[in-house]
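Asks: Just one file: query.cif, with mmCIF, C-alpha atoms.
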```cif
data_my_file
#
loop_
_atom_site.label_atom_id
_atom_site.label_comp_id
_atom_site.auth_asym_id
_atom_site.auth_seq_id
_atom_site.Cartn_x
_atom_site.Cartn_y
_atom_site.Cartn_z
CA MET H 27 -20.65 -26.23 24.41
CA ILE H 28 -18.02 -23.51 24.03
CA TYR H 29 -15.66 -22.83 26.92
CA ILE H 30 -13.54 -19.70 27.25
CA ARG H 31 -10.36 -19.64 29.30
CA LYS H 32 -7.83 -16.95 30.01
CA ALA H 33 -4.54 -17.91 28.37
CA LYS H 34 -1.34 -18.37 30.34
CA GLU H 35 2.25 -18.42 29.14
CA GLU H 36 2.06 -22.14 28.37
CA ASP H 37 -0.90 -21.43 26.03
CA LEU H 38 1.09 -19.11 23.73
CA PRO H 39 2.05 -21.93 21.31
CA ILE H 40 -1.68 -22.71 20.96
CA ILE H 41 -2.35 -19.08 20.00
CA ARG H 42 0.46 -19.24 17.41
CA GLN H 43 -0.92 -22.51 16.01
CA LEU H 44 -4.46 -21.13 15.79
CA ALA H 45 -3.15 -18.02 14.01
CA GLU H 46 -1.30 -20.22 11.50
CA GLN H 47 -4.52 -22.18 10.89
CA THR H 48 -6.82 -19.15 10.57
CA TRP H 49 -4.75 -16.56 8.72
CA PRO H 50 -4.58 -18.23 5.29
CA SER H 51 -8.37 -18.35 4.96
CA ALA H 52 -8.80 -14.91 6.53
CA TYR H 53 -6.24 -13.12 4.36
CA SER H 54 -5.29 -15.12 1.25
CA ASP H 55 -7.76 -13.14 -0.90
CA ILE H 56 -6.57 -9.82 0.55
CA ILE H 57 -2.77 -9.92 0.95
CA SER H 58 0.06 -11.98 -0.52
CA GLN H 59 1.26 -15.27 0.95
CA GLU H 60 4.61 -13.54 1.51
CA GLN H 61 2.94 -10.85 3.63
CA ILE H 62 0.95 -13.46 5.60
CA VAL H 63 4.16 -15.33 6.47
CA PHE H 64 5.94 -12.06 7.37
CA MET H 65 3.10 -10.85 9.61
CA LEU H 66 2.64 -14.20 11.36
CA GLU H 67 6.33 -14.30 12.22
CA LYS H 68 6.34 -10.66 13.32
CA MET H 69 3.17 -10.77 15.42
CA TYR H 70 3.01 -14.35 16.66
CA ASN H 71 6.58 -15.34 17.48
CA LYS H 72 7.08 -16.59 21.04
CA GLY H 73 8.94 -13.48 22.19
CA GLU H 74 6.30 -11.09 20.82
CA LEU H 75 3.39 -12.99 22.35
CA LEU H 76 5.18 -13.35 25.69
CA GLY H 77 6.00 -9.64 25.69
CA GLN H 78 2.35 -8.82 25.05
CA LEU H 79 1.22 -11.15 27.84
CA LEU H 80 3.73 -9.66 30.29
CA HIS H 81 2.73 -6.09 29.36
CA GLY H 82 -0.98 -6.33 30.05
CA HIS H 83 -2.53 -8.13 27.08
CA THR H 84 -5.30 -10.54 27.97
CA PHE H 85 -5.64 -13.56 25.71
CA LEU H 86 -8.75 -15.73 25.67
CA ILE H 87 -8.96 -19.17 24.08
CA ALA H 88 -12.25 -20.74 23.00
CA SER H 89 -12.56 -24.51 23.03
CA GLU H 90 -15.22 -27.02 22.10
CA LEU H 91 -14.99 -30.63 23.23
CA LYS H 92 -11.45 -29.98 24.50
CA LYS H 93 -10.34 -28.74 21.06
CA ASP H 94 -9.06 -25.16 20.88
CA VAL H 95 -11.02 -23.44 18.12
CA GLY H 96 -10.39 -19.69 18.44
CA PHE H 97 -8.80 -16.88 20.39
CA ALA H 98 -8.97 -13.19 21.15
CA GLY H 99 -6.50 -10.72 22.59
CA PHE H 100 -7.01 -7.23 24.00
CA SER H 101 -5.37 -4.58 26.17
CA ILE H 102 -5.82 -1.04 27.40
CA ILE H 103 -4.23 1.53 25.07
CA ASP H 104 -5.30 4.81 26.71
CA HIS H 105 -5.68 4.84 30.49
CA GLU H 106 -6.88 8.44 30.68
CA ASN H 107 -9.75 7.93 28.24
CA HIS H 108 -10.41 4.28 29.18
CA ILE H 109 -9.84 3.03 25.64
CA TYR H 110 -9.10 -0.65 25.04
CA LYS H 111 -8.05 -2.34 21.83
CA LEU H 112 -9.07 -5.71 20.48
CA HIS H 113 -5.82 -6.81 18.86
CA LYS H 114 -6.81 -10.29 17.76
CA LEU H 115 -9.96 -12.34 17.19
CA TYR H 116 -9.75 -15.48 15.08
CA VAL H 117 -11.80 -18.66 14.79
CA LEU H 118 -10.86 -21.80 12.88
CA PRO H 119 -12.50 -21.73 9.42
CA GLU H 120 -14.38 -24.99 10.00
CA MET H 121 -15.96 -23.44 13.11
CA HIS H 122 -17.32 -20.32 11.36
CA GLY H 123 -21.06 -19.88 11.74
CA LYS H 124 -21.15 -21.51 15.18
CA ARG H 125 -21.23 -18.19 17.08
CA ILE H 126 -17.73 -18.71 18.52
CA GLY H 127 -16.57 -15.28 17.32
CA LYS H 128 -19.62 -13.71 18.94
CA ILE H 129 -18.97 -15.59 22.20
CA LEU H 130 -15.35 -14.42 22.23
CA MET H 131 -16.39 -10.85 21.40
CA ASN H 132 -18.99 -10.80 24.18
CA GLU H 133 -16.44 -12.11 26.68
CA VAL H 134 -13.97 -9.37 25.65
CA LEU H 135 -16.69 -6.72 25.95
CA ASP H 136 -17.70 -7.99 29.41
CA LEU H 137 -14.10 -8.01 30.67
CA VAL H 138 -13.35 -4.56 29.26
CA ARG H 139 -16.49 -3.13 30.87
CA LYS H 140 -15.55 -4.72 34.22
CA GLU H 141 -12.14 -3.06 33.96
CA GLY H 142 -13.81 0.32 33.43
CA GLY H 143 -13.35 0.55 29.67
CA GLN H 144 -15.49 3.08 27.85
CA TYR H 145 -14.40 2.32 24.28
CA LEU H 146 -13.14 -0.73 22.45
CA GLN H 147 -11.22 -0.16 19.24
CA LEU H 148 -9.87 -2.55 16.63
CA ASN H 149 -8.20 -2.52 13.25
CA VAL H 150 -9.63 -4.53 10.37
CA ASN H 151 -8.32 -4.74 6.82
CA ARG H 152 -10.54 -2.63 4.58
CA ASP H 153 -11.19 -5.66 2.33
CA ASN H 154 -11.81 -8.14 5.16
CA LYS H 155 -15.37 -9.43 5.35
CA ALA H 156 -14.94 -9.51 9.16
CA GLN H 157 -15.75 -5.79 9.02
CA HIS H 158 -19.43 -6.78 8.73
CA PHE H 159 -19.14 -8.97 11.85
CA TYR H 160 -17.79 -5.98 13.77
CA GLU H 161 -20.50 -3.66 12.43
CA LYS H 162 -23.16 -6.13 13.62
CA ALA H 163 -21.49 -6.05 17.04
CA GLY H 164 -21.95 -2.27 17.15
CA PHE H 165 -18.55 -1.02 15.94
CA LYS H 166 -18.36 2.03 13.70
CA ILE H 167 -15.55 3.12 11.40
CA LYS H 168 -13.57 5.86 13.12
CA GLU H 169 -10.78 6.35 10.57
CA THR H 170 -8.85 4.84 7.69
CA VAL H 171 -5.14 4.07 8.17
CA ASP H 172 -2.26 2.71 6.12
CA LEU H 173 0.36 1.28 8.47
CA ASP H 174 3.88 0.49 7.28
CA ILE H 175 4.77 -2.80 9.00
CA GLY H 176 8.17 -3.27 7.34
CA ASN H 177 9.57 -5.25 4.42
CA GLY H 178 7.57 -3.07 2.03
CA PHE H 179 4.26 -4.30 3.48
CA TYR H 180 1.34 -2.18 4.64
CA MET H 181 -1.79 -2.84 6.62
CA ASN H 182 -4.63 -0.97 4.91
CA ASP H 183 -7.13 -0.85 7.73
CA TYR H 184 -10.20 0.73 9.15
CA VAL H 185 -9.97 1.67 12.80
CA MET H 186 -13.35 0.75 14.25
CA GLU H 187 -14.68 1.74 17.67
CA LYS H 188 -17.53 0.76 19.93
CA TYR H 189 -18.77 2.88 22.79
CA LEU H 190 -19.33 0.65 25.80
CA SER H 191 -22.43 2.18 27.32
CA GLU H 192 -24.46 0.23 29.83
CA GLU H 193 -26.13 -1.99 27.27
#
```
Rewrite the coordinates I just gave you, this time as structure tokens.
Replies:
Amino acid sequence: MIYIRKAKEEDLPIIRQLAEQTWPSAYSDIISQEQIVFMLEKMYNKGELLGQLLHGHTFLIASELKKDVGFAGFSIIDHENHIYKLHKLYVLPEMHGKRIGKILMNEVLDLVRKEGGQYLQLNVNRDNKAQHFYEKAGFKIKETVDLDIGNGFYMNDYVMEKYLSEE
């Protein structure tokens, strides 16, 4: 059985560890090892994660048999238009195909709806096969972006969006 818990400050090292375990398989065919290391340090250092937590990001951790196997993170990005953003959703490679990503996604969607969200957006690398997961979940490509993240690296993403009607 999969359990979902809301992460607290003491869970941030678990999120970092899960990111370090999931990113190589998620991105090694898409971006360089150098960029993976750069992005992990930039996005998952303790200060960055703590800042996100303190500024309204919600992190969820999925576990099975007391082993943490995945996580998601989201926040509101536009109060006026009730737009939320899914910043992170990763599941350990050995747990793929066990519906953990879908469980995490459904929990995020439920929480965003309860908070009054009307749209959920996310960025996904244009070459990432996760795009198909998001399309199955009802997301549509809204735009294409190339984001300069420093050190000569870019994120070449689709911005995807899902309208959160009363489904």
Asks: Step by step, work through what the PyMOL selection byres ((chain H and resi 142-158) around 8) selects in the shown file, and finish by giving those residues as a PyMOL selection string.
Replies: chain H and resi 52-53+56+107-113+135+138-141+159-162+181-191
Asks: Give me, please, the distance in Å between CA of Val134 in chain H and CA of Ser51 in chain H, quoted to one decimal.
Replies: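 CA of Ser51 in chain H lies at a distance of 23.2 Å from CA of Val134 in chain H.
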Asks: For the structure shown, which residues end up in the PyMOL selection byres ((chain H and resi 91) around 12)? Put them as a PDB file with C-alpha atoms, in the coordinates of the input, please?
Replies:
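Final output, selection_3.pdb:
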```pdb
ATOM      1  CA  MET H  27     -20.650 -26.230  24.410  1.00  0.00           C
ATOM      2  CA  ILE H  28     -18.020 -23.510  24.030  1.00  0.00           C
ATOM      3  CA  TYR H  29     -15.660 -22.830  26.920  1.00  0.00           C
ATOM      4  CA  ILE H  30     -13.540 -19.700  27.250  1.00  0.00           C
ATOM      5  CA  ALA H  88     -12.250 -20.740  23.000  1.00  0.00           C
ATOM      6  CA  SER H  89     -12.560 -24.510  23.030  1.00  0.00           C
ATOM      7  CA  GLU H  90     -15.220 -27.020  22.100  1.00  0.00           C
ATOM      8  CA  LYS H  92     -11.450 -29.980  24.500  1.00  0.00           C
ATOM      9  CA  LYS H  93     -10.340 -28.740  21.060  1.00  0.00           C
ATOM     10  CA  ASP H  94      -9.060 -25.160  20.880  1.00  0.00           C
ATOM     11  CA  VAL H  95     -11.020 -23.440  18.120  1.00  0.00           C
TER      12      VAL H  95
END
```
Asks: Would you compute the distance between CA of Leu79 in chain H and CA of Glu35 in chain H? Give it in Å to one decimal.
Replies: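 A separation of 7.5 Å between them.
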Asks: When distances are computed from all atoms listed in the file, which of H:Lys32, H:Ser58, H:Leu130, H:Pro39 shows the smallest separation from His83 in chain H?
Replies: H:Lys32
Asks: Report, in Å with one decimal, the straight-line distance from CA of Met65 in chain H to CA of Pro50 in chain H.
Replies: 11.5 Å
Asks: For the file shown, report as an mmCIF file with C-alpha atoms, in the frame of the given file the outcome of the PyMOL selection byres ((chain H and resi 78) around 12) at residue level.
Replies:
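Result written to expr_20.cif:
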```
data_model
loop_
_atom_site.group_PDB
_atom_site.id
_atom_site.type_symbol
_atom_site.label_atom_id
_atom_site.label_comp_id
_atom_site.auth_asym_id
_atom_site.auth_seq_id
_atom_site.Cartn_x
_atom_site.Cartn_y
_atom_site.Cartn_z
ATOM 1 C CA ALA H 33 -4.540 -17.910 28.370
ATOM 2 C CA LYS H 34 -1.340 -18.370 30.340
ATOM 3 C CA GLU H 35 2.250 -18.420 29.140
ATOM 4 C CA LEU H 38 1.090 -19.110 23.730
ATOM 5 C CA MET H 69 3.170 -10.770 15.420
ATOM 6 C CA TYR H 70 3.010 -14.350 16.660
ATOM 7 C CA ASN H 71 6.580 -15.340 17.480
ATOM 8 C CA LYS H 72 7.080 -16.590 21.040
ATOM 9 C CA GLY H 73 8.940 -13.480 22.190
ATOM 10 C CA GLU H 74 6.300 -11.090 20.820
ATOM 11 C CA LEU H 75 3.390 -12.990 22.350
ATOM 12 C CA LEU H 76 5.180 -13.350 25.690
ATOM 13 C CA GLY H 77 6.000 -9.640 25.690
ATOM 14 C CA LEU H 79 1.220 -11.150 27.840
ATOM 15 C CA LEU H 80 3.730 -9.660 30.290
ATOM 16 C CA HIS H 81 2.730 -6.090 29.360
ATOM 17 C CA GLY H 82 -0.980 -6.330 30.050
ATOM 18 C CA HIS H 83 -2.530 -8.130 27.080
ATOM 19 C CA THR H 84 -5.300 -10.540 27.970
ATOM 20 C CA PHE H 85 -5.640 -13.560 25.710
ATOM 21 C CA GLY H 99 -6.500 -10.720 22.590
ATOM 22 C CA PHE H 100 -7.010 -7.230 24.000
ATOM 23 C CA SER H 101 -5.370 -4.580 26.170
ATOM 24 C CA ILE H 102 -5.820 -1.040 27.400
ATOM 25 C CA HIS H 113 -5.820 -6.810 18.860
ATOM 26 C CA LYS H 114 -6.810 -10.290 17.760
#
```
Asks: Restricting the calculation to all atoms listed in the file: of H:Gly164, H:Leu137, H:Tyr116, H:Ile103, which residue gets closest to Glu46 in chain H?
Replies: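 Among the listed residues, the smallest separation from Glu46 in chain H belongs to H:Tyr116.
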Asks: Just checking: using all atoms listed in the file, which residue out of H:Ile40, H:Ile87, H:Ile175, H:Met121 ends up closest to Glu133 in chain H?
Replies: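 Closest to Glu133 in chain H of all the choices is H:Ile87.
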Asks: With only C-alpha atoms as the basis for distance, which of H:Asn132, H:Tyr180, H:Val117, H:Lys124 is at the shortest distance from Thr48 in chain H?
Replies: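 Ranked by minimum distance to Thr48 in chain H, first place goes to H:Val117.
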Asks: Could you tell me which of H:Asp172, H:Ile129, H:Phe165, H:Trp49 comes closest to Phe64 in chain H if we count all atoms listed in the file?
Replies: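 Ranking H:Asp172, H:Ile129, H:Phe165, H:Trp49 by distance to Phe64 in chain H, first place goes to H:Trp49.
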